[in-house]
Every structure is written in C-alpha cells, then in structure tokens.
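Encoded as structure tokens, the structure appears first; notes follow it.
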Amino acid sequence: MNLDSQPGHIDQIKQTNAGVVYRLIDLYGPISRIELSKRAQLAPASITKIVREMLEAHLVQETEFQEPGSRGRPAIGLILDTEAWHYLAIRLHRGEMTITLRDLSSRSLVEDCRPLPAAQEQPLLAYLIKEVDAFFIRHQQKLERLTAIAITLPGLINAASGVVHRLPDYDVQDMPLGDTLAARTGLPVFVQHDISAWTLAESLFGASRGAQDVIQIVIDETVGAGVISGGKLLHKSGRALVEIGHTQIDPDGKQCYCGNHGCLETVASTGSLLTLVAQRLASQPENALHQQALTLESLCTAAQAGDRLSHDAIVSVGQHIGRMLAMMVNIFNPQQILIGSPLNQAADVLFPAVSRTIYQQALPAYSARIQLTSTEFREPGTLGAAALVKDALYSGHLLVKLLQG
C-alpha cells in the first residue's frame, strides 16, 4: 500500500461526503439530521461533523418544521443558506457577452449584456478581463462573498485546463481563459462548452431532471451534443462536448471553421439552413417567403403552413441529425433525447424527421423506448454557467473550498 496516497484519498472521501450532504439538503430541505443520515448512508457522527462545518461557514442554517404525520413539537431541520454567497455566471455568444451575478440558489441578482465584437484592437482575452473588472466596479455595492466564476462559450475547449483552442468568428488560438481569469480575481474558474453546460442545466433544473442517461443535441449557429451518463455529464473535466458538429459527412463539402471540409455543422446549423433556403429561393420567385425577411421564425412558420421548400429544408436537417443520433443511441442507449434549437418552433416538422431516421438506423432494442422531447429552456443564457457551479457544489469540489474559507 502506498501510504503517501492516503491523505489525498481521505480528502476525496470528505469532499464527496460533503457534496452528498449539501445536495440532499438542497433537494429535501428542511430535512432532519436523522433523515439526512439515512439518505446519505453516513453515520450520525459524520453527519454531525459535516453539518457543523457548514453551519459555521454559513452554507446551511437550521429551521423549525413539522414532520409529516407528527403532531408534536416542530423538528429542527436544515436548509441551505444561499443569499450571502455570490458568483459570476458568464456566457460568450456570437457578438455578445452576458455577465450575471447569482447567489448559490442560482437566482439572478443583476445581469449585463456587453458587445463582443469580432474585430477589435486588443486581444480577446484582454477585452474579457476588462469587462469583468468593469462589472465588479459597476455593481460593487451588490457583491457579497464571491465564490467562483463560471464561463460557457462555443468552440473547441478543454474544460480541465480552461484553455479555449478555437472560438467561432474570433481570432483565438489556445487562449488560457481559466488560468488568466483565476490569477486576476483569485477565484476558482470553471470553463465549459455552452452546449455541455446547457445539457447539465437541463439535468439539474430542466427537462431531463432525474434522468440518468440522456443525449442532448443543440442545433443552432453551431451543432453539438452533450451526454449525461449514469447521472453525470460525460467527460465533464475534459472535452465534454460530443463533437458531432465536426464529424465529416461530405469530404467535398464546404470548409468548416475547424479546418475540415463537409462537417455536419456546415449542413445542419441554422446558418447553413438559411443559406441553403436563400439559394433555392432564387429559383422560386413566386414563393411567399420573398414577401418577408428570411429568418428562422419565418422559415418555421412557412414550413408549418405547408411551404414545400421550407418543409423539405428542415426535414433535411432532421435527417442529418437523426443519422448522427442513431449512432449515438447505439453507443449510449439513452432514456431520453433532448433537442434544443430555434427550429423547435417547427417541432412537428423537425422531430418526426429525426425520429424516423433514428428508428430506421439504430438498434430497435435501443430506439424503441426513447423519448424525444424539447429542452425546457429555449435559450439558457447564463443558466448553463449556473449549472457548472451547482455541479461543483454537489461534487464537493467547490464546497470544500468554501468550507476552508
């Protein structure tokens, strides 16, 4: 036995146990210490020690509550103390940076949307740091104890290192976002792909809450997927995004920003869809779409009204996505598939195309029981970043840092 490994092993157990207790109080509070011990499957003495540390750190508080079926004196239960702990949830999106101050209940306290121009004189990283500093100055009267910063963004990202290797529409090469922001603020920084973070948000707050095995696919300006396996985000500490958008389906196709040609994203993203429809409209001067601006909303409305061009274009996207999902279903055997997309406005066109393709190409034993549903959040905003912080508390990783002060 390697004795040098024991302290780390013991610390990991403490971290895990603290996370379990915190999660149970969050889910079931007010909850008694006895009930907490049963649900956590930890000895009463362990519960007492963990709860005492959380009380001293003002992460939980005691409250009286009446237990079901009881007519006696109210019991003393535990609930979370979330108001005095704040964090920043940031989302980088095409042309925009959203910064939200939230407390540990995930409640939004203040939010700013700032421009994120693709072309600017200073490097993008310097611009981001400047915007975070300016947010602190603008809202310094509202800041309590800051615990962390969580950032979500598209592109090629390593969540473990916090390095952004590529970012669509921006001149980014291996940008050390996590380390730089942590050094600037002294706070733990979590960086994750926005689709993976959205998948986690649906698991914690939304349509897949409680499901153990889920595939979520997002069809927007980019195309990607997140996977919940065994109740946890797959590879959450590395490259958690399942890069289906950069799977080559046409070697002679359009070049993608990743450098490859004919990626799924070049034929199934919303931008590529609008481009395709615009090209085909040129040969259909009588089409009603000429009478209005060509947008995703007008396209979906036309498809639902029976316009053949719009209908066939969305069905084509559904078929491309369905073929990719069929392979993923054979690998992950999910309970549920979520689709998050502006094209959900025409779900009665998109979803059947996706479902038919999955049923045709995936193993029947796996595809027969799948539920295909919309994400609860049409636009997650910074809720994906909030999910990263919630997950870090539940795992005990961030919680231990707060307990240590």
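Ligands are numbered from 1 in the order shown, residues from 1 within each chain, and chains are lettered A, B, ... in the order they appear in the structure tokens.
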
Exercise for the section: List every residue of stretch 189-316 of chain A that DSSP, applied to the backbone, labels as strand (DSSP E or B), and write the result as a PyMOL selection string. Expected result: chain A and resi 189-193+214-219+223-229+232-233+242+248+255+261+263

With N, CA and C atoms retained, could you export that selection as a PDB file, in the first residue's frame?
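Saved to result_24.pdb:
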ATOM      1  N   VAL A 189     -12.234  29.170 -11.265  1.00  0.00           N
ATOM      2  CA  VAL A 189     -12.876  29.467 -12.545  1.00  0.00           C
ATOM      3  C   VAL A 189     -13.218  28.161 -13.246  1.00  0.00           C
ATOM      4  N   PHE A 190     -14.465  28.053 -13.681  1.00  0.00           N
ATOM      5  CA  PHE A 190     -14.934  26.876 -14.413  1.00  0.00           C
ATOM      6  C   PHE A 190     -15.247  27.301 -15.846  1.00  0.00           C
ATOM      7  N   VAL A 191     -14.668  26.592 -16.805  1.00  0.00           N
ATOM      8  CA  VAL A 191     -14.873  26.885 -18.219  1.00  0.00           C
ATOM      9  C   VAL A 191     -15.464  25.644 -18.880  1.00  0.00           C
ATOM     10  N   GLN A 192     -16.518  25.827 -19.646  1.00  0.00           N
ATOM     11  CA  GLN A 192     -17.150  24.678 -20.281  1.00  0.00           C
ATOM     12  C   GLN A 192     -17.804  25.108 -21.593  1.00  0.00           C
ATOM     13  N   HIS A 193     -17.922  24.171 -22.512  1.00  0.00           N
ATOM     14  CA  HIS A 193     -18.644  24.433 -23.752  1.00  0.00           C
ATOM     15  C   HIS A 193     -20.101  24.731 -23.427  1.00  0.00           C
ATOM     16  N   VAL A 214     -28.958  10.498 -20.819  1.00  0.00           N
ATOM     17  CA  VAL A 214     -29.598  11.476 -21.699  1.00  0.00           C
ATOM     18  C   VAL A 214     -28.612  11.921 -22.777  1.00  0.00           C
ATOM     19  N   ILE A 215     -29.124  12.082 -23.994  1.00  0.00           N
ATOM     20  CA  ILE A 215     -28.382  12.776 -25.039  1.00  0.00           C
ATOM     21  C   ILE A 215     -29.114  14.079 -25.327  1.00  0.00           C
ATOM     22  N   GLN A 216     -28.390  15.177 -25.293  1.00  0.00           N
ATOM     23  CA  GLN A 216     -28.980  16.454 -25.685  1.00  0.00           C
ATOM     24  C   GLN A 216     -28.244  16.970 -26.907  1.00  0.00           C
ATOM     25  N   ILE A 217     -28.977  17.307 -27.934  1.00  0.00           N
ATOM     26  CA  ILE A 217     -28.384  17.869 -29.139  1.00  0.00           C
ATOM     27  C   ILE A 217     -28.894  19.276 -29.326  1.00  0.00           C
ATOM     28  N   VAL A 218     -27.992  20.165 -29.710  1.00  0.00           N
ATOM     29  CA  VAL A 218     -28.342  21.560 -29.946  1.00  0.00           C
ATOM     30  C   VAL A 218     -28.075  21.871 -31.411  1.00  0.00           C
ATOM     31  N   ILE A 219     -29.098  22.392 -32.072  1.00  0.00           N
ATOM     32  CA  ILE A 219     -29.000  22.796 -33.475  1.00  0.00           C
ATOM     33  C   ILE A 219     -29.203  24.303 -33.515  1.00  0.00           C
ATOM     34  N   VAL A 223     -23.536  23.128 -34.064  1.00  0.00           N
ATOM     35  CA  VAL A 223     -24.232  21.867 -33.795  1.00  0.00           C
ATOM     36  C   VAL A 223     -23.348  21.036 -32.872  1.00  0.00           C
ATOM     37  N   GLY A 224     -23.918  20.581 -31.779  1.00  0.00           N
ATOM     38  CA  GLY A 224     -23.148  19.778 -30.845  1.00  0.00           C
ATOM     39  C   GLY A 224     -24.062  18.992 -29.943  1.00  0.00           C
ATOM     40  N   ALA A 225     -23.470  18.152 -29.111  1.00  0.00           N
ATOM     41  CA  ALA A 225     -24.262  17.320 -28.207  1.00  0.00           C
ATOM     42  C   ALA A 225     -23.562  17.205 -26.864  1.00  0.00           C
ATOM     43  N   GLY A 226     -24.367  17.057 -25.838  1.00  0.00           N
ATOM     44  CA  GLY A 226     -23.869  16.734 -24.513  1.00  0.00           C
ATOM     45  C   GLY A 226     -24.507  15.425 -24.083  1.00  0.00           C
ATOM     46  N   VAL A 227     -23.804  14.666 -23.258  1.00  0.00           N
ATOM     47  CA  VAL A 227     -24.295  13.360 -22.822  1.00  0.00           C
ATOM     48  C   VAL A 227     -24.273  13.281 -21.305  1.00  0.00           C
ATOM     49  N   ILE A 228     -25.407  12.907 -20.724  1.00  0.00           N
ATOM     50  CA  ILE A 228     -25.485  12.563 -19.308  1.00  0.00           C
ATOM     51  C   ILE A 228     -25.468  11.042 -19.230  1.00  0.00           C
ATOM     52  N   SER A 229     -24.470  10.486 -18.589  1.00  0.00           N
ATOM     53  CA  SER A 229     -24.339   9.038 -18.458  1.00  0.00           C
ATOM     54  C   SER A 229     -24.211   8.680 -16.978  1.00  0.00           C
ATOM     55  N   LYS A 232     -24.295  11.734 -14.681  1.00  0.00           N
ATOM     56  CA  LYS A 232     -23.206  12.705 -14.690  1.00  0.00           C
ATOM     57  C   LYS A 232     -22.878  13.118 -16.114  1.00  0.00           C
ATOM     58  N   LEU A 233     -22.437  14.357 -16.264  1.00  0.00           N
ATOM     59  CA  LEU A 233     -22.020  14.846 -17.573  1.00  0.00           C
ATOM     60  C   LEU A 233     -20.794  14.079 -18.026  1.00  0.00           C
ATOM     61  N   VAL A 242     -19.652  16.404 -27.096  1.00  0.00           N
ATOM     62  CA  VAL A 242     -19.537  15.350 -28.091  1.00  0.00           C
ATOM     63  C   VAL A 242     -19.534  16.054 -29.449  1.00  0.00           C
ATOM     64  N   GLN A 248     -17.203  14.630 -40.253  1.00  0.00           N
ATOM     65  CA  GLN A 248     -17.277  14.861 -41.699  1.00  0.00           C
ATOM     66  C   GLN A 248     -18.329  13.963 -42.337  1.00  0.00           C
ATOM     67  N   GLN A 255     -15.917  24.272 -46.407  1.00  0.00           N
ATOM     68  CA  GLN A 255     -14.938  24.253 -45.330  1.00  0.00           C
ATOM     69  C   GLN A 255     -15.546  24.798 -44.049  1.00  0.00           C
ATOM     70  N   HIS A 261     -13.490  19.844 -44.060  1.00  0.00           N
ATOM     71  CA  HIS A 261     -14.494  20.111 -45.078  1.00  0.00           C
ATOM     72  C   HIS A 261     -15.705  19.194 -44.880  1.00  0.00           C
ATOM     73  N   CYS A 263     -18.259  19.199 -42.699  1.00  0.00           N
ATOM     74  CA  CYS A 263     -18.703  18.806 -41.355  1.00  0.00           C
ATOM     75  C   CYS A 263     -20.231  18.869 -41.266  1.00  0.00           C
TER      76      CYS A 263
END

Handout entry: Contacts of A:Ile50 at 8 Å (only C-alpha atoms; same-chain gap of 3+ positions) as number ranges by chain
Key = A: 18, 21, 46-47, 53-54

Handout entry: Residue contacts of stretch 136-148 of chain A (7 Å, only C-alpha atoms) excluding same-chain residues fewer than 6 positions away, as number ranges by chain
Key = A: 84-88, 187-189

Practice task
Go ahead and compute the interatomic distance for atom CA of A:Leu402 and atom CA of A:Leu59, in Å to one decimal.
Solution key: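 Here the two named atoms are 8.5 Å from each other.
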
Problem - Within 8 Å of A:Ala387 using only C-alpha atoms, minus same-chain residues under 4 positions, as a ChimeraX atom specification - result: /A:197-198,200-201,204,383,391

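Candidate residues A:Ala347, A:Asp11, A:Ala134, A:Met328 were compared for distance to A:Ala362, and the nearest is A:Met328, using only C-alpha atoms.
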
Practice task
Find the residues near A:Leu24: any atom within 12 Å, counting only C-alpha atoms, skip ones fewer than 6 places away on the same chain, and give them as an MDAnalysis selection string.
Solution key: chainID A and resid 17:18 30:33 35:41 47 51 60 78:80 393:395

Output for the residues just chosen: C-alpha atoms as a CSV table (one decimal), in the first residue's frame:
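Listed below is the output, again_14.csv:
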chain,number,residue,atom,x,y,z
A,17,ASN,CA,-19.4,13.2,1.5
A,18,ALA,CA,-19.8,16.9,2.0
A,30,PRO,CA,-35.9,21.3,5.5
A,31,ILE,CA,-34.5,17.9,6.5
A,32,SER,CA,-33.6,16.5,9.9
A,33,ARG,CA,-30.2,15.2,10.7
A,35,GLU,CA,-33.3,11.7,7.8
A,36,LEU,CA,-30.1,13.1,6.3
A,37,SER,CA,-28.1,10.3,7.8
A,38,LYS,CA,-30.4,7.7,6.3
A,39,ARG,CA,-30.5,9.3,2.8
A,40,ALA,CA,-26.7,9.9,2.7
A,41,GLN,CA,-26.0,6.4,4.2
A,47,ILE,CA,-23.4,14.0,9.6
A,51,VAL,CA,-23.3,19.9,9.2
A,60,VAL,CA,-26.7,25.9,5.8
A,78,LEU,CA,-31.6,22.1,7.8
A,79,ILE,CA,-31.9,24.3,4.7
A,80,LEU,CA,-29.3,26.0,2.5
A,393,LEU,CA,-21.1,22.2,-5.1
A,394,TYR,CA,-22.8,18.8,-5.4
A,395,SER,CA,-19.5,17.1,-6.2
